[in-house]
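Undergrad: Data: upload.cif, mmCIF, C-alpha atoms.
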data_protein
loop_
_atom_site.label_atom_id
_atom_site.label_comp_id
_atom_site.auth_asym_id
_atom_site.auth_seq_id
_atom_site.Cartn_x
_atom_site.Cartn_y
_atom_site.Cartn_z
CA MET A 1 130.13 102.69 120.05
CA THR A 2 133.05 103.22 117.70
CA GLY A 3 135.67 100.49 117.58
CA ILE A 4 133.32 97.73 118.71
CA ASP A 5 131.96 95.15 116.27
CA THR A 6 128.54 94.44 117.68
CA ARG A 7 127.87 91.78 114.99
CA LYS A 8 124.35 93.12 114.82
CA LYS A 9 124.11 95.48 111.93
CA PHE A 10 121.22 96.33 109.62
CA ILE A 11 117.89 96.66 111.47
CA ASP A 12 119.64 95.26 114.50
CA LYS A 13 120.03 91.81 112.92
CA GLU A 14 123.12 89.66 112.80
CA LEU A 15 124.98 89.32 109.52
CA ASP A 16 125.60 85.71 108.44
CA GLY A 17 129.16 85.75 107.23
CA GLU A 18 128.76 82.71 104.97
CA SER A 19 125.62 83.70 103.13
CA THR A 20 126.12 87.44 103.61
CA THR A 21 122.45 87.75 104.50
CA TYR A 22 120.68 88.90 107.62
CA ASN A 23 118.47 86.48 109.52
CA THR A 24 115.27 88.30 110.46
CA GLY A 25 113.66 85.26 111.99
CA VAL A 26 111.27 84.35 109.22
CA ARG A 27 113.38 85.15 106.17
CA GLN A 28 116.89 86.08 105.14
CA TYR A 29 117.43 89.66 104.07
CA ASP A 30 119.88 89.93 101.20
CA PRO A 31 121.57 93.35 101.17
CA GLU A 32 122.91 92.67 97.68
CA GLY A 33 119.57 91.60 96.26
CA PRO A 34 116.14 93.13 95.78
CA GLY A 35 115.22 92.58 99.41
CA PHE A 36 114.42 89.28 101.02
CA ALA A 37 115.86 86.11 99.55
CA SER A 38 112.58 84.18 99.78
CA VAL A 39 108.88 84.81 99.30
CA ASP A 40 106.87 86.63 101.98
CA PRO A 41 104.63 84.08 103.75
CA LEU A 42 102.03 86.85 103.88
CA TRP A 43 102.32 87.69 100.19
CA GLU A 44 98.56 87.33 99.70
CA GLU A 45 97.99 90.30 101.95
CA PHE A 46 100.44 92.42 100.00
CA ARG A 47 99.55 91.57 96.43
CA ALA A 48 100.55 94.94 95.18
CA TRP A 49 104.16 94.32 96.13
CA THR A 50 106.71 91.87 94.90
CA PRO A 51 106.88 89.06 97.50
CA TYR A 52 110.60 89.73 97.93
CA HIS A 53 110.34 93.43 98.71
CA TYR A 54 111.62 94.89 101.97
CA ALA A 55 109.61 97.39 104.05
CA HIS A 56 107.51 98.61 101.16
CA ASP A 57 110.72 99.56 99.38
CA ASN A 58 111.26 102.25 101.97
CA PRO A 59 114.13 101.05 104.18
CA VAL A 60 114.89 104.59 105.32
CA GLY A 61 111.50 105.16 106.83
CA LEU A 62 110.23 101.71 107.71
CA LYS A 63 111.38 98.48 109.31
CA ASP A 64 110.37 94.90 108.66
CA PRO A 65 112.18 93.28 111.56
CA SER A 66 110.46 89.90 111.35
CA GLY A 67 110.45 89.40 107.60
CA LEU A 68 106.67 89.08 107.66
CA GLN A 69 105.39 92.61 107.26
CA VAL A 70 106.19 96.22 107.92
CA GLY A 71 105.91 96.51 111.65
CA GLU A 72 107.26 99.84 112.74
CA LYS A 73 108.67 103.19 111.77
CA ASN A 74 112.42 103.51 111.71
CA ASP A 75 114.05 105.25 114.64
CA ASN A 76 115.32 108.01 112.39
CA GLY A 77 111.79 109.18 111.87
CA GLY A 78 112.23 109.51 108.14
CA GLY A 79 110.33 107.88 105.40
CA GLY A 80 108.07 108.74 102.57
CA ALA A 81 105.50 106.17 103.56
CA ILE A 82 104.22 108.12 106.53
CA SER A 83 100.97 109.83 105.74
CA PRO A 84 100.57 113.60 105.88
CA ALA A 85 98.22 113.08 108.78
CA GLY A 86 100.83 111.23 110.73
CA GLY A 87 99.51 107.71 110.30
CA SER A 88 101.92 104.92 109.69
CA VAL A 89 101.58 101.92 107.47
CA ALA A 90 99.15 99.48 109.02
CA PRO A 91 101.10 96.56 110.42
CA GLU A 92 98.34 94.05 109.74
CA GLY A 93 98.07 94.76 106.06
CA TYR A 94 97.74 97.65 103.74
CA TRP A 95 94.01 98.16 103.84
CA SER A 96 92.57 99.53 107.05
CA VAL A 97 91.00 102.62 108.61
CA ARG A 98 91.82 106.23 109.43
CA PRO A 99 89.29 108.90 108.52
CA VAL A 100 91.60 111.83 107.98
CA PHE A 101 92.85 111.96 104.43
CA ARG A 102 91.27 114.69 102.36
CA GLY A 103 93.67 114.94 99.49
CA LEU A 104 91.82 113.11 96.76
CA SER A 105 90.35 116.08 94.99
CA ARG A 106 93.78 117.67 94.76
CA PHE A 107 95.28 114.41 93.65
CA TRP A 108 92.64 114.11 90.96
CA ARG A 109 93.35 117.59 89.72
CA ASN A 110 97.02 116.80 89.55
CA LEU A 111 96.37 113.56 87.76
CA THR A 112 94.18 115.07 85.10
CA GLY A 113 95.72 118.49 84.94
CA SER A 114 99.36 117.52 84.62
CA GLY A 115 98.80 114.75 82.13
CA SER A 116 101.08 112.55 84.13
CA GLY A 117 98.44 110.13 85.26
CA GLY A 118 98.39 107.80 82.31
CA SER A 119 100.71 104.97 81.82
CA SER A 120 100.72 103.94 78.22
CA ALA A 121 104.47 103.74 78.14
CA THR A 122 105.14 102.26 81.55
CA THR A 123 105.65 98.62 82.28
CA ALA A 124 105.60 98.35 86.04
CA SER A 125 102.87 96.55 87.91
CA GLY A 126 103.96 97.06 91.47
CA ALA A 127 104.57 100.26 93.35
CA GLY A 128 106.84 101.23 96.14
CA ALA A 129 106.08 103.63 98.91
CA GLY A 130 109.56 104.97 98.90
CA GLY A 131 109.68 105.65 95.24
CA ASN A 132 110.48 102.22 93.84
CA ALA A 133 108.40 100.27 91.42
CA GLY A 134 107.87 96.59 92.03
CA ALA A 135 109.43 94.14 89.66
CA SER A 136 106.67 91.58 89.29
CA ALA A 137 105.35 90.79 85.86
CA GLY A 138 102.71 93.13 84.65
CA SER A 139 101.95 95.69 82.08
CA ARG A 140 100.95 98.98 83.61
CA GLY A 141 102.33 101.70 85.79
CA ALA A 142 101.62 102.93 89.25
CA VAL A 143 100.61 106.41 90.23
CA ARG A 144 101.38 107.69 93.65
CA MET A 145 99.29 110.21 95.53
CA GLU A 146 101.44 112.94 96.93
CA PRO A 147 99.04 115.59 98.08
CA GLY A 148 101.62 117.07 100.40
CA GLN A 149 103.88 117.88 97.51
CA GLY A 150 101.16 118.62 95.03
CA THR A 151 102.61 116.38 92.38
CA VAL A 152 101.87 113.01 90.99
CA LYS A 153 104.74 110.88 89.90
CA ARG A 154 104.56 107.97 87.59
CA LEU A 155 106.86 105.11 88.41
CA THR A 156 108.53 102.88 85.92
CA GLN A 157 109.75 99.34 86.21
CA GLY A 158 113.38 98.82 87.04
CA SER A 159 113.92 102.40 87.99
CA ASN A 160 113.83 104.31 91.22
CA ARG A 161 113.25 107.51 89.35
CA PRO A 162 109.71 108.72 88.94
CA ALA A 163 108.86 109.52 85.37
CA THR A 164 108.54 113.17 84.56
CA ALA A 165 105.16 114.70 84.03
CA GLY A 166 103.80 114.06 80.59
CA ALA A 167 106.36 111.42 79.76
CA GLY A 168 105.19 108.66 77.50
CA LYS A 169 102.53 110.84 75.93
CA ALA A 170 100.05 109.39 78.38
CA THR A 171 96.51 110.62 78.60
CA ALA A 172 94.28 110.77 81.62
CA ARG A 173 91.93 108.29 79.99
CA GLU A 174 94.37 105.44 80.38
CA ALA A 175 94.26 104.16 83.93
CA PRO A 176 97.44 103.29 85.80
CA GLY A 177 97.90 99.77 87.10
CA PHE A 178 97.89 100.89 90.71
CA ILE A 179 97.08 103.92 92.78
CA VAL A 180 99.45 104.35 95.70
CA THR A 181 98.39 106.38 98.70
CA PRO A 182 100.74 108.72 100.58
CA ASN A 183 101.30 106.06 103.22
CA GLY A 184 102.32 103.46 100.70
CA LYS A 185 99.18 101.44 100.22
CA ALA A 186 98.82 100.30 96.65
CA PHE A 187 95.36 99.73 95.23
CA PRO A 188 95.14 97.80 91.96
CA VAL A 189 93.07 99.27 89.14
CA PRO A 190 91.22 96.81 86.86
CA GLN A 191 92.96 96.18 83.58
CA GLY A 192 91.74 98.25 80.69
CA ALA A 193 89.95 100.70 82.95
CA LYS A 194 89.53 104.32 81.96
CA GLY A 195 89.84 107.32 84.17
CA PRO A 196 90.12 109.16 86.41
CA ILE A 197 86.59 110.53 86.24
CA PRO A 198 84.99 112.55 89.06
CA THR A 199 82.31 110.90 91.18
CA ARG A 200 80.26 114.01 92.10
CA ALA A 201 80.95 113.49 95.81
CA PRO A 202 84.69 114.21 96.25
CA GLY A 203 86.55 111.37 94.66
CA MET A 204 87.48 109.78 91.38
CA GLN A 205 86.74 106.56 89.56
CA PHE A 206 88.21 104.22 87.00
CA THR A 207 85.65 102.16 85.06
CA GLU A 208 85.18 99.80 82.12
CA GLY A 209 88.04 97.48 83.02
CA SER A 210 88.16 93.83 83.96
CA GLY A 211 90.14 92.02 86.63
CA GLY A 212 93.91 91.75 86.57
CA ASN A 213 96.43 92.54 89.31
CA GLY A 214 94.86 89.95 91.59
CA LEU A 215 91.33 91.24 91.08
CA ASP A 216 88.45 88.94 90.22
CA PRO A 217 87.58 89.19 86.48
CA ARG A 218 84.14 90.51 87.41
CA VAL A 219 85.70 93.59 88.95
CA SER A 220 85.34 96.29 86.32
CA GLY A 221 86.02 99.47 88.24
CA VAL A 222 87.28 101.11 91.37
CA ARG A 223 86.58 104.46 92.92
CA PHE A 224 88.65 106.37 95.43
CA MET A 225 86.50 108.47 97.71
CA ASP A 226 87.58 111.29 99.95
CA ALA A 227 86.80 111.16 103.65
CA ASN A 228 83.45 112.54 104.78
CA ALA A 229 81.75 112.89 108.13
CA ASN A 230 80.86 109.21 108.23
CA GLN A 231 83.71 107.43 106.54
CA GLY A 232 87.41 107.72 105.93
CA ALA A 233 89.10 107.97 102.56
CA ARG A 234 88.57 104.66 100.86
CA ALA A 235 88.71 102.54 97.74
CA VAL A 236 85.54 100.80 96.55
CA TYR A 237 85.59 98.10 93.90
CA MET A 238 82.68 97.67 91.50
CA ASN A 239 81.26 95.23 88.97
CA ASN A 240 79.63 95.92 85.61
CA SER A 241 76.51 97.24 87.33
CA ASN A 242 78.63 99.54 89.50
CA GLN A 243 77.64 97.49 92.52
CA ARG A 244 80.11 97.16 95.36
CA VAL A 245 82.01 93.91 95.18
CA ASN A 246 84.65 92.04 97.06
CA PRO A 247 87.66 92.61 94.77
CA LEU A 248 89.04 89.14 95.33
CA THR A 249 85.82 87.15 94.80
CA GLY A 250 83.73 89.47 92.63
CA GLN A 251 80.71 88.90 94.88
CA THR A 252 78.41 91.81 95.60
CA VAL A 253 78.58 93.01 99.18
CA SER A 254 76.53 95.11 101.55
CA PRO A 255 77.79 98.66 102.18
CA ASN A 256 78.46 97.47 105.72
CA ASP A 257 80.58 94.51 104.66
CA PRO A 258 84.30 94.84 105.52
CA ALA A 259 85.09 94.09 101.86
CA ALA A 260 82.85 96.94 100.67
CA HIS A 261 85.58 99.51 101.10
CA TYR A 262 89.29 99.57 101.82
CA TYR A 263 90.46 102.47 103.90
CA PHE A 264 93.64 104.35 103.18
CA PHE A 265 94.62 104.76 106.80
CA PRO A 266 94.41 102.61 109.92
CA MET B 267 65.19 107.07 69.84
CA ARG B 268 65.77 107.32 73.57
CA LYS B 269 66.90 110.61 75.00
CA SER B 270 70.35 110.89 76.49
CA ILE B 271 70.41 110.24 80.23
CA THR B 272 73.35 111.73 82.06
CA GLU B 273 71.85 113.37 85.16
CA VAL B 274 69.35 112.10 87.66
CA HIS B 275 66.75 114.61 86.46
CA ASP B 276 66.88 112.99 83.04
CA LEU B 277 64.94 110.08 84.54
CA VAL B 278 61.71 112.09 84.34
CA GLY B 279 59.55 110.36 81.75
CA GLU B 280 61.45 107.10 82.03
CA GLU B 281 59.78 103.83 82.98
CA ILE B 282 60.89 101.93 86.06
CA SER B 283 61.61 98.49 84.63
CA ALA B 284 62.69 96.77 87.84
CA VAL B 285 63.22 97.15 91.54
CA ALA B 286 66.16 95.06 92.69
CA PHE B 287 66.90 94.07 96.25
CA VAL B 288 70.64 93.52 96.42
CA ARG B 289 72.04 92.30 99.73
CA ASP B 290 70.61 94.98 102.04
CA TYR B 291 69.99 97.86 99.64
CA VAL B 292 67.57 98.72 96.84
CA GLU B 293 68.05 99.59 93.18
CA PHE B 294 65.60 101.15 90.75
CA HIS B 295 66.27 100.14 87.17
CA PHE B 296 65.28 102.11 84.10
CA ASP B 297 66.12 99.67 81.30
CA GLY B 298 69.75 100.66 81.59
CA PRO B 299 70.27 103.50 84.05
CA ILE B 300 70.23 102.55 87.72
CA LEU B 301 69.34 104.59 90.77
CA ARG B 302 70.75 102.91 93.87
CA SER B 303 69.62 103.73 97.38
CA GLU B 304 72.32 102.89 99.90
CA SER B 305 70.42 104.60 102.67
CA ASN B 306 67.07 103.00 103.53
CA PRO B 307 64.37 104.40 101.22
CA ARG B 308 60.78 105.20 102.10
CA VAL B 309 57.82 104.73 99.79
CA ILE B 310 54.39 106.30 100.09
CA VAL B 311 51.56 104.35 98.47
CA GLN B 312 47.99 105.58 98.75
CA GLY B 313 48.89 107.74 101.71
CA VAL B 314 50.62 104.96 103.64
CA GLU B 315 54.35 105.31 104.25
CA TYR B 316 56.59 102.27 104.32
CA HIS B 317 60.18 102.26 105.54
CA PHE B 318 62.56 99.79 103.98
CA PRO B 319 63.43 97.14 105.23
CA GLU B 320 60.36 96.92 107.47
CA PRO B 321 57.67 94.36 106.61
CA GLY B 322 55.49 95.46 103.72
CA SER B 323 58.05 97.84 102.33
CA ARG B 324 59.26 95.47 99.64
CA ASP B 325 55.78 94.93 98.23
CA ALA B 326 55.20 98.67 98.36
CA LEU B 327 58.44 99.40 96.55
CA CYS B 328 57.53 96.90 93.83
CA ARG B 329 54.37 98.89 93.14
CA VAL B 330 56.45 101.36 91.18
CA ILE B 331 57.50 98.77 88.59
CA ASP B 332 56.01 99.59 85.18
CA SER B 333 55.21 103.13 86.25
CA THR B 334 56.84 106.21 84.75
CA VAL B 335 58.70 108.88 86.66
CA ARG B 336 56.56 111.98 86.70
CA ALA B 337 58.76 114.23 88.82
CA ILE B 338 62.06 114.27 90.64
CA ASP B 339 62.87 116.63 93.48
CA LEU B 340 66.47 116.57 94.55
CA GLU B 341 67.67 118.41 97.61
CA ASP B 342 71.34 117.70 98.12
CA ASP B 343 72.15 116.69 101.68
CA ARG B 344 68.46 116.10 102.41
CA GLN B 345 66.62 113.74 100.07
CA LEU B 346 65.65 112.74 96.58
CA GLU B 347 61.93 112.34 95.99
CA LEU B 348 60.68 110.51 92.96
CA THR B 349 56.97 110.68 92.06
CA THR B 350 55.60 108.05 89.71
CA SER B 351 52.72 107.95 87.26
CA ASN B 352 50.70 105.76 89.62
CA ASP B 353 51.04 108.33 92.42
CA CYS B 354 53.64 106.51 94.44
CA ARG B 355 56.42 108.57 96.03
CA VAL B 356 59.83 107.10 96.67
CA ILE B 357 62.11 109.02 99.03
CA ILE B 358 65.82 108.35 99.28
CA PRO B 359 67.34 110.12 102.31
CA LEU B 360 70.60 111.91 101.60
CA ASP B 361 71.21 113.50 105.00
CA ALA B 362 74.18 112.46 107.10
CA ALA B 363 72.00 111.01 109.85
CA SER B 364 70.46 108.51 107.44
CA LEU B 365 73.73 107.18 106.10
CA ARG B 366 74.49 103.56 106.82
CA GLY B 367 77.99 103.89 105.44
CA GLY B 368 79.66 106.83 103.80
CA GLU B 369 77.32 107.06 100.82
CA ALA B 370 73.58 107.56 100.43
CA MET B 371 72.77 107.17 96.75
CA HIS B 372 74.34 106.25 93.43
CA PHE B 373 73.19 107.19 89.96
CA VAL B 374 74.56 105.03 87.17
CA PRO B 375 73.60 106.50 83.77
CA LYS B 376 75.18 103.60 81.92
CA PRO B 377 76.05 100.43 83.87
CA GLY B 378 79.76 99.78 83.85
CA GLY B 379 80.51 103.42 83.06
CA PRO B 380 81.09 106.35 85.35
CA MET B 381 78.66 106.86 88.21
CA GLN B 382 77.63 109.70 90.48
CA VAL B 383 77.81 109.38 94.25
CA TRP B 384 75.88 111.25 96.91
#
Starting from the coordinates I provided, produce the structure as structure tokens.
TA:
Amino acid sequence: MTGIDTRKKFIDKELDGESTTYNTGVRQYDPEGPGFASVDPLWEEFRAWTPYHYAHDNPVGLKDPSGLQVGEKNDNGGGGAISPAGGSVAPEGYWSVRPVFRGLSRFWRNLTGSGSGGSSATTASGAGAGGNAGASAGSRGAVRMEPGQGTVKRLTQGSNRPATAGAGKATAREAPGFIVTPNGKAFPVPQGAKGPIPTRAPGMQFTEGSGGNGLDPRVSGVRFMDANANQGARAVYMNNSNQRVNPLTGQTVSPNDPAAHYYFFP
Amino acid sequence: MRKSITEVHDLVGEEISAVAFVRDYVEFHFDGPILRSESNPRVIVQGVEYHFPEPGSRDALCRVIDSTVRAIDLEDDRQLELTTSNDCRVIIPLDAASLRGGEAMHFVPKPGGPMQVW
């Protein structure tokens, strides 16, 4: 369609010539800014992200055509937020089910073996699926699972460049602020938590922390469990007695409660 | 001075200080360490077997309070059997068919610290 100005440009939205933003229906997308020009109405469901972020900071691979949430994969088929198993980011939120991921043990080895898992020198609190760190206030870094590549990258605030392994003299005993799955879901780790530590069944845990990052203060730990015959790969939040809790309320929950575990994949 | 407890077998000789019914699962407390049964446990008291959460099972499970663990038999992927000083036997199923979620049992050597998951 060369030579024709279709007016519709980025993600098939029309550019407002006066404000130089794109109207997505719910919000204005600012191509010169960090993403959207206003707060995501669904920000509570995406606490790990800055409320202004666009498409989990992965505009190459994902679309957010409504301004509400990531709704579809880009036509070009690219994108680092697509899981190795082929699952896409869940449109209804970032915590839902797909029992296929089996990369935790490898991720744990990378995290402890490379020495890149700590975050003593990082300052980011959010994490981007496409390699960006969020810009919200916070104090700790995010670690991204990349089992397909066999590396773990630490992300730093204000930079799109992952930190190099071992940077910041971090140790595996200092937990990152977030763990980010291959499909871009970010799971907050309680502040002050230590880890990762193996859980006997395939998985890893961070313990001895307390709240922070939107977690109830009674949340002291989180464990990331590999998929087994009965359940998909999941995050489980715990209190000081290592009982399962709802991470937002701190209340103990039954193993069958929807808040008892947060799946990596839909 | 109390011995170091890091593995589930270290509970032999320890006193069961409490049995806690949390939501829909059961915990056995050892004045610190916790053994949590996420699958439904069975308890055998004087030859009668009770299945949690059926009627009578809670009273039967509470019979082990104040007793001491005499033996622990752990068969991964099958069950953990705990025999107490008052001849009660508590069985926590670990097999896949008995799972209610993805996990059957937790051992917490020190609450708040790292735990082990079956």
Undergrad: For chain A, report every residue with an atom at most 6 Å from chain B (counting only C-alpha atoms), formatted as a ChimeraX atom specification.
TA: /A:199-201,207-208,230-231,240-242,254
Undergrad: How many Å lie between CA of Val335 (chain B) and CA of Leu277 (chain B), rounded to one decimal?
TA: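 Here the two named atoms are 6.7 Å from each other.
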Undergrad: What gap, in Å, lies between CA of Gly209 (chain A) and CA of Pro266 (chain A)?
TA: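 Straight-line distance from CA of Gly209 (chain A) to CA of Pro266 (chain A) works out to 28.1 Å.
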Undergrad: Interatomic distance between CA of Thr181 (chain A) and CA of Phe264 (chain A)?
TA: 6.8 Å
Undergrad: Compile the contact shell of region 212-225 of chain A as JSON, numbers by chain: residues with an atom at most 8 Å away, counting only C-alpha atoms, same-chain residues fewer than 4 positions apart removed.
TA: {"A": [47, 48, 104, 125, 138, 177, 188, 189, 190, 191, 193, 199, 201, 202, 203, 204, 205, 206, 207, 208, 233, 234, 235, 236, 237, 238, 239, 240, 242, 245, 247, 248, 249, 250], "B": [378]}
Undergrad: Now that the selection is made, can you save its residues with C-alpha atoms as an mmCIF file, in the frame of the given file?
TA:
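Wrote it out as part-v8.cif, contents follow:
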data_model
loop_
_atom_site.group_PDB
_atom_site.id
_atom_site.type_symbol
_atom_site.label_atom_id
_atom_site.label_comp_id
_atom_site.auth_asym_id
_atom_site.auth_seq_id
_atom_site.Cartn_x
_atom_site.Cartn_y
_atom_site.Cartn_z
ATOM 1 C CA ARG A 47 99.550 91.570 96.430
ATOM 2 C CA ALA A 48 100.550 94.940 95.180
ATOM 3 C CA LEU A 104 91.820 113.110 96.760
ATOM 4 C CA SER A 125 102.870 96.550 87.910
ATOM 5 C CA GLY A 138 102.710 93.130 84.650
ATOM 6 C CA GLY A 177 97.900 99.770 87.100
ATOM 7 C CA PRO A 188 95.140 97.800 91.960
ATOM 8 C CA VAL A 189 93.070 99.270 89.140
ATOM 9 C CA PRO A 190 91.220 96.810 86.860
ATOM 10 C CA GLN A 191 92.960 96.180 83.580
ATOM 11 C CA ALA A 193 89.950 100.700 82.950
ATOM 12 C CA THR A 199 82.310 110.900 91.180
ATOM 13 C CA ALA A 201 80.950 113.490 95.810
ATOM 14 C CA PRO A 202 84.690 114.210 96.250
ATOM 15 C CA GLY A 203 86.550 111.370 94.660
ATOM 16 C CA MET A 204 87.480 109.780 91.380
ATOM 17 C CA GLN A 205 86.740 106.560 89.560
ATOM 18 C CA PHE A 206 88.210 104.220 87.000
ATOM 19 C CA THR A 207 85.650 102.160 85.060
ATOM 20 C CA GLU A 208 85.180 99.800 82.120
ATOM 21 C CA ALA A 233 89.100 107.970 102.560
ATOM 22 C CA ARG A 234 88.570 104.660 100.860
ATOM 23 C CA ALA A 235 88.710 102.540 97.740
ATOM 24 C CA VAL A 236 85.540 100.800 96.550
ATOM 25 C CA TYR A 237 85.590 98.100 93.900
ATOM 26 C CA MET A 238 82.680 97.670 91.500
ATOM 27 C CA ASN A 239 81.260 95.230 88.970
ATOM 28 C CA ASN A 240 79.630 95.920 85.610
ATOM 29 C CA ASN A 242 78.630 99.540 89.500
ATOM 30 C CA VAL A 245 82.010 93.910 95.180
ATOM 31 C CA PRO A 247 87.660 92.610 94.770
ATOM 32 C CA LEU A 248 89.040 89.140 95.330
ATOM 33 C CA THR A 249 85.820 87.150 94.800
ATOM 34 C CA GLY A 250 83.730 89.470 92.630
ATOM 35 C CA GLY B 378 79.760 99.780 83.850
#
Undergrad: Leaving out Cys328 (chain B) and any residue of its chain fewer than 3 positions from it, which residues lie within 12 Å of it when counting all atoms listed in the file, given as an MDAnalysis selection string?
TA: chainID B and resid 282:287 292:295 309:311 316 318 322:325 331:333 352 354:356
Undergrad: Deliver the residues from the most recent selection as a file, using C-alpha atoms, as a PDB file, in the frame of the given file.
TA:
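The resulting result-v4.pdb:
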ATOM      1  CA  ILE B 282      60.890 101.930  86.060  1.00  0.00           C
ATOM      2  CA  SER B 283      61.610  98.490  84.630  1.00  0.00           C
ATOM      3  CA  ALA B 284      62.690  96.770  87.840  1.00  0.00           C
ATOM      4  CA  VAL B 285      63.220  97.150  91.540  1.00  0.00           C
ATOM      5  CA  ALA B 286      66.160  95.060  92.690  1.00  0.00           C
ATOM      6  CA  PHE B 287      66.900  94.070  96.250  1.00  0.00           C
ATOM      7  CA  VAL B 292      67.570  98.720  96.840  1.00  0.00           C
ATOM      8  CA  GLU B 293      68.050  99.590  93.180  1.00  0.00           C
ATOM      9  CA  PHE B 294      65.600 101.150  90.750  1.00  0.00           C
ATOM     10  CA  HIS B 295      66.270 100.140  87.170  1.00  0.00           C
ATOM     11  CA  VAL B 309      57.820 104.730  99.790  1.00  0.00           C
ATOM     12  CA  ILE B 310      54.390 106.300 100.090  1.00  0.00           C
ATOM     13  CA  VAL B 311      51.560 104.350  98.470  1.00  0.00           C
ATOM     14  CA  TYR B 316      56.590 102.270 104.320  1.00  0.00           C
ATOM     15  CA  PHE B 318      62.560  99.790 103.980  1.00  0.00           C
ATOM     16  CA  GLY B 322      55.490  95.460 103.720  1.00  0.00           C
ATOM     17  CA  SER B 323      58.050  97.840 102.330  1.00  0.00           C
ATOM     18  CA  ARG B 324      59.260  95.470  99.640  1.00  0.00           C
ATOM     19  CA  ASP B 325      55.780  94.930  98.230  1.00  0.00           C
ATOM     20  CA  ILE B 331      57.500  98.770  88.590  1.00  0.00           C
ATOM     21  CA  ASP B 332      56.010  99.590  85.180  1.00  0.00           C
ATOM     22  CA  SER B 333      55.210 103.130  86.250  1.00  0.00           C
ATOM     23  CA  ASN B 352      50.700 105.760  89.620  1.00  0.00           C
ATOM     24  CA  CYS B 354      53.640 106.510  94.440  1.00  0.00           C
ATOM     25  CA  ARG B 355      56.420 108.570  96.030  1.00  0.00           C
ATOM     26  CA  VAL B 356      59.830 107.100  96.670  1.00  0.00           C
TER      27      VAL B 356
END
